[in-house]
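Printed here is coords_2.txt (compact mmCIF, C-alpha atoms):
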```txt
# COMPACT_ATOMS: atom_id res chain seq x y z
CA MET Z 1 202.60 -11.60 124.89
CA THR Z 2 206.12 -11.13 126.14
CA GLU Z 3 208.46 -8.98 124.19
CA GLU Z 4 212.05 -10.16 123.63
CA THR Z 5 214.82 -7.79 124.38
CA PRO Z 6 216.91 -7.24 121.29
CA GLY Z 7 220.64 -8.25 121.43
CA PHE Z 8 220.36 -10.86 124.16
CA GLU Z 9 220.23 -14.62 123.74
CA GLU Z 10 218.98 -17.08 126.18
CA LYS Z 11 221.71 -19.17 127.88
CA PRO Z 12 221.19 -22.43 129.70
CA ASP Z 13 221.09 -22.30 133.41
CA VAL Z 14 224.48 -23.02 134.97
CA PRO Z 15 224.57 -24.55 138.38
CA SER Z 16 226.01 -22.43 141.10
CA GLY Z 17 229.74 -23.03 141.75
CA ALA Z 18 230.45 -24.34 138.20
CA THR Z 19 232.35 -22.58 135.50
CA SER Z 20 231.36 -22.30 131.93
CA ASP Z 21 234.10 -24.76 130.92
CA ASP Z 22 232.49 -27.44 133.06
CA ALA Z 23 229.26 -26.98 131.26
CA GLU Z 24 230.83 -27.81 127.88
CA PRO Z 25 231.17 -31.54 127.18
CA LYS Z 26 234.79 -32.85 127.01
CA ALA Z 27 236.04 -34.48 123.82
CA ALA Z 28 236.36 -38.27 124.09
CA PRO Z 29 239.90 -39.64 123.69
CA GLU Z 30 240.67 -40.98 120.23
CA GLU Z 31 240.45 -44.73 119.87
CA GLY Z 32 243.81 -46.57 119.44
CA ALA Z 33 245.90 -43.86 120.98
CA ALA Z 34 248.33 -45.13 123.61
CA PRO Z 35 250.57 -43.29 125.98
CA ALA Z 36 254.19 -42.91 124.80
CA GLY Z 37 255.55 -44.98 127.71
CA ASP Z 38 253.54 -48.08 126.75
CA GLY Z 39 255.09 -48.13 123.23
CA HIS Z 40 258.66 -48.24 124.58
CA ALA Z 41 257.80 -51.06 126.94
CA GLU Z 42 256.23 -53.06 124.13
CA ASN Z 43 259.37 -52.65 121.92
CA ALA Z 44 261.63 -53.71 124.76
CA GLY Z 45 259.54 -56.85 125.26
CA LEU Z 46 259.79 -57.76 121.58
CA VAL Z 47 263.58 -57.29 121.60
CA ALA Z 48 263.87 -59.54 124.66
CA GLN Z 49 261.76 -62.24 122.99
CA LEU Z 50 263.88 -61.99 119.82
CA ASP Z 51 267.06 -62.43 121.85
CA GLN Z 52 265.59 -65.51 123.51
CA VAL Z 53 264.64 -66.99 120.12
CA ARG Z 54 268.15 -66.33 118.77
CA THR Z 55 269.74 -67.94 121.82
CA ALA Z 56 267.50 -71.00 121.49
CA LEU Z 57 268.30 -71.23 117.77
CA SER Z 58 272.05 -71.08 118.45
CA GLU Z 59 271.77 -73.84 121.05
CA ARG Z 60 269.72 -76.07 118.74
CA THR Z 61 272.18 -75.46 115.88
CA ALA Z 62 275.10 -76.42 118.10
CA ASP Z 63 273.26 -79.58 119.20
CA LEU Z 64 272.58 -80.49 115.58
CA GLN Z 65 276.22 -79.96 114.59
CA ARG Z 66 277.38 -82.08 117.52
CA LEU Z 67 274.99 -84.88 116.60
CA GLN Z 68 276.11 -84.74 112.98
CA ALA Z 69 279.78 -84.97 114.01
CA GLU Z 70 279.04 -87.92 116.30
CA TYR Z 71 277.16 -89.66 113.49
CA GLN Z 72 280.07 -89.15 111.07
CA ASN Z 73 282.49 -90.57 113.66
CA TYR Z 74 280.17 -93.51 114.19
CA ARG Z 75 280.05 -94.21 110.45
CA ARG Z 76 283.84 -94.10 110.22
CA ARG Z 77 284.20 -96.48 113.17
CA VAL Z 78 281.70 -98.89 111.65
CA GLU Z 79 283.54 -98.78 108.30
CA ARG Z 80 286.92 -99.38 110.00
CA ASP Z 81 285.48 -102.27 112.00
CA ARG Z 82 283.94 -103.75 108.86
CA ILE Z 83 287.24 -103.60 106.99
CA ALA Z 84 289.15 -105.01 109.98
CA VAL Z 85 286.72 -107.93 110.34
CA LYS Z 86 287.01 -108.65 106.62
CA GLU Z 87 290.82 -108.59 106.73
CA ILE Z 88 290.89 -110.85 109.78
CA ALA Z 89 288.54 -113.35 108.11
CA ILE Z 90 290.64 -113.40 104.93
CA ALA Z 91 293.87 -113.73 106.93
CA ASN Z 92 292.46 -116.65 108.92
CA LEU Z 93 291.32 -118.40 105.75
CA LEU Z 94 294.63 -117.93 103.96
CA THR Z 95 296.57 -119.01 107.05
CA GLU Z 96 294.74 -122.33 106.93
CA LEU Z 97 295.69 -122.66 103.24
CA LEU Z 98 299.42 -122.09 103.78
CA PRO Z 99 300.25 -125.81 104.31
CA VAL Z 100 298.48 -126.58 101.03
CA LEU Z 101 300.49 -123.89 99.26
CA ASP Z 102 303.67 -125.33 100.77
CA ASP Z 103 302.79 -128.78 99.38
CA ILE Z 104 302.17 -127.22 95.97
CA GLY Z 105 305.57 -125.52 96.10
CA ARG Z 106 307.37 -128.73 97.03
CA ALA Z 107 305.55 -130.63 94.28
CA ARG Z 108 306.63 -127.96 91.78
CA GLU Z 109 310.27 -128.22 92.90
CA HIS Z 110 310.22 -132.02 92.42
CA GLY Z 111 308.49 -131.83 89.05
CA GLU Z 112 305.33 -133.49 90.33
CA LEU Z 113 303.01 -130.63 89.44
CA VAL Z 114 301.51 -132.09 86.27
CA GLY Z 115 298.14 -132.84 84.72
CA GLY Z 116 294.92 -131.93 86.45
CA PHE Z 117 296.70 -131.41 89.76
CA LYS Z 118 298.76 -128.60 88.15
CA SER Z 119 295.61 -126.84 86.90
CA VAL Z 120 293.94 -127.02 90.30
CA ALA Z 121 297.09 -125.84 92.09
CA GLU Z 122 297.54 -122.85 89.81
CA SER Z 123 293.86 -121.90 90.20
CA LEU Z 124 294.24 -122.02 93.98
CA GLU Z 125 297.34 -119.83 93.85
CA THR Z 126 295.55 -117.35 91.59
CA VAL Z 127 292.60 -117.07 93.98
CA ALA Z 128 294.94 -116.58 96.95
CA ALA Z 129 296.78 -113.81 95.07
CA LYS Z 130 293.48 -112.08 94.26
CA MET Z 131 292.65 -112.10 97.96
CA GLY Z 132 295.88 -110.18 98.63
CA LEU Z 133 298.28 -112.99 99.58
CA GLN Z 134 301.90 -112.19 98.69
CA GLN Z 135 304.89 -114.50 98.97
CA PHE Z 136 308.30 -113.20 100.02
CA GLY Z 137 311.76 -114.50 100.89
CA LYS Z 138 314.72 -114.85 98.51
CA GLU Z 139 318.20 -116.23 98.84
CA GLY Z 140 320.89 -113.60 99.21
CA GLU Z 141 318.77 -110.91 100.83
CA PRO Z 142 319.86 -109.45 104.20
CA PHE Z 143 318.36 -111.10 107.25
CA ASP Z 144 315.52 -109.06 108.79
CA PRO Z 145 314.23 -110.44 112.10
CA THR Z 146 310.86 -108.71 111.56
CA ILE Z 147 310.05 -110.83 108.49
CA HIS Z 148 312.54 -113.74 108.71
CA GLU Z 149 312.78 -116.63 111.14
CA ALA Z 150 316.26 -118.16 111.26
CA LEU Z 151 316.16 -121.97 111.62
CA MET Z 152 319.79 -122.65 110.68
CA HIS Z 153 322.96 -120.67 111.29
CA SER Z 154 326.44 -120.82 109.80
CA TYR Z 155 329.48 -118.72 108.89
CA ALA Z 156 330.59 -117.88 105.38
CA PRO Z 157 333.68 -116.01 104.15
CA ASP Z 158 331.88 -114.43 101.20
CA VAL Z 159 329.22 -112.46 103.12
CA THR Z 160 329.65 -109.08 104.76
CA GLU Z 161 326.47 -109.17 106.87
CA THR Z 162 323.97 -111.70 108.17
CA THR Z 163 322.43 -113.05 104.98
CA CYS Z 164 319.67 -115.50 104.06
CA VAL Z 165 321.50 -118.26 102.20
CA ALA Z 166 318.55 -120.67 101.91
CA ILE Z 167 314.75 -120.33 102.04
CA LEU Z 168 313.33 -123.30 103.93
CA GLN Z 169 309.74 -122.01 103.81
CA PRO Z 170 308.58 -118.86 102.03
CA GLY Z 171 306.91 -116.12 104.00
CA TYR Z 172 303.47 -114.69 103.29
CA ARG Z 173 301.89 -111.31 103.89
CA ILE Z 174 298.60 -109.53 103.21
CA GLY Z 175 299.30 -105.91 102.45
CA GLU Z 176 301.61 -104.74 105.24
CA ARG Z 177 300.56 -107.52 107.60
CA THR Z 178 302.87 -110.55 107.84
CA ILE Z 179 300.89 -113.72 108.45
CA ARG Z 180 303.96 -116.00 108.40
CA PRO Z 181 307.64 -115.06 108.44
CA ALA Z 182 310.01 -116.63 105.93
CA ARG Z 183 311.89 -119.51 107.54
CA VAL Z 184 315.48 -119.33 106.42
CA ALA Z 185 319.06 -120.50 106.93
CA VAL Z 186 321.41 -117.61 107.62
CA ALA Z 187 325.14 -117.13 107.36
CA GLU Z 188 327.28 -114.58 109.14
CA PRO Z 189 330.72 -113.28 108.15
CA GLN Z 190 333.59 -115.62 109.13
CA PRO Z 191 335.00 -114.59 112.53
CA GLY Z 192 338.33 -112.78 112.07
CA ALA Z 193 337.76 -112.16 108.35
CA GLN Z 194 337.21 -108.46 108.89
CA THR Z 195 340.32 -108.19 111.07
CA VAL Z 196 342.52 -109.94 108.50
CA LYS Z 197 341.09 -107.75 105.74
CA ALA Z 198 341.71 -104.58 107.74
CA GLU Z 199 345.33 -105.59 108.50
CA GLY Z 200 345.94 -106.29 104.82
CA ALA Z 201 344.56 -102.88 103.91
CA GLU Z 202 346.94 -101.21 106.39
CA GLU Z 203 350.01 -103.03 105.04
CA THR Z 204 349.31 -102.20 101.40
CA PRO Z 205 350.28 -98.47 101.51
CA ALA Z 206 353.68 -99.27 103.06
CA ALA Z 207 354.43 -101.82 100.37
CA ASP Z 208 353.38 -99.33 97.70
CA ASP Z 209 355.70 -96.68 99.13
CA LYS Z 210 358.64 -99.09 98.96
CA GLU Z 211 357.86 -100.02 95.37
CA ASN Z 212 357.38 -96.39 94.34
CA GLY Z 213 360.72 -95.32 95.82
CA GLY Z 214 359.73 -93.88 99.15
CA PRO Z 215 362.10 -91.95 101.41
CA ASP Z 216 365.40 -93.72 101.99
CA GLU Z 217 366.23 -94.90 105.48
CA GLY Z 218 369.09 -93.14 107.29
```
Encoded form using structure tokens:
Amino acid sequence: MTEETPGFEEKPDVPSGATSDDAEPKAAPEEGAAPAGDGHAENAGLVAQLDQVRTALSERTADLQRLQAEYQNYRRRVERDRIAVKEIAIANLLTELLPVLDDIGRAREHGELVGGFKSVAESLETVAAKMGLQQFGKEGEPFDPTIHEALMHSYAPDVTETTCVAILQPGYRIGERTIRPARVAVAEPQPGAQTVKAEGAEETPAADDKENGGPDEG
């Protein structure tokens, strides 16, 4: 029976050329731990992706705003075209009715607008007015070549400018649009009337000075 020496413990055999540290097993790296450099790279990648998403969102927002503006412009153009087509259609219809309205006016002037014909004529005039038709042209108003058409011309001593002295056919407009000018007879001031008037005005002060005892001659 072998006796053990007190104070000594048995140690495992260590291969030659190896240190005691090599004999101890190394601790395994903790799971989930990553080197510090990999974390910075991952953050930089996320920031780059976020910038790309923001850029794409800005571009899509700009495209949407541009499409919305184009759609609003399209709606306005369609509405303007619709109103213009409606006004043109009404103007064409009322233009065709103008000779009938002229006949009604002549019948009224001659006292022939009576009975059932009067009721129909007034109804037609009411409908035309509701559609925006307005009559214009009065005797005594200044001649305006943009709304008047002069068919007769004369001179008159009692006018100071070219004046409509007779309305041969009334004019008609829809809103600001003239569909037929008023056909009128015009009169201009008598030639030489202004000169005679001006000479008379110059002679009046001298006569007044003589009557009021002006400076004596000599």
Could you check which of Z:Leu168, Z:Leu93, Z:Met131, Z:Val186 is closest to His153 (chain Z), using all atoms listed in the file? Z:Val186
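With only C-alpha atoms as the atoms that count, the residue of Z:Thr95, Z:Ser154, Z:Ser123, Z:Thr146 with the shortest distance to Tyr172 (chain Z) is Z:Thr95.
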Would you mind reading off the distance between CA of Arg180 (chain Z) and CA of Ile147 (chain Z), one decimal, in Å? 8.0 Å
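Using all atoms listed in the file, the smallest distance between any of Z:Ala128, Z:Val184, Z:Pro191, Z:Pro157 and Leu97 (chain Z) comes from Z:Ala128.
Ranking Z:Glu188, Z:Glu139, Z:Glu122, Z:Glu176 by their shortest atom-to-atom distance to Glu161 (chain Z), with all atoms listed in the file included, puts Z:Glu188 first.
Candidate residues Z:Arg60, Z:Ile179, Z:Gln135, Z:Glu79 were compared for distance to Gly105 (chain Z), and the nearest is Z:Gln135, using only C-alpha atoms.
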Residues near Gln190 (chain Z), anyone? I mean within 9 Å using only C-alpha atoms, not counting same-chain ones fewer than 2 positions away, as a VMD selection string. chain Z and resid 154 to 160 187 to 188 192 to 194
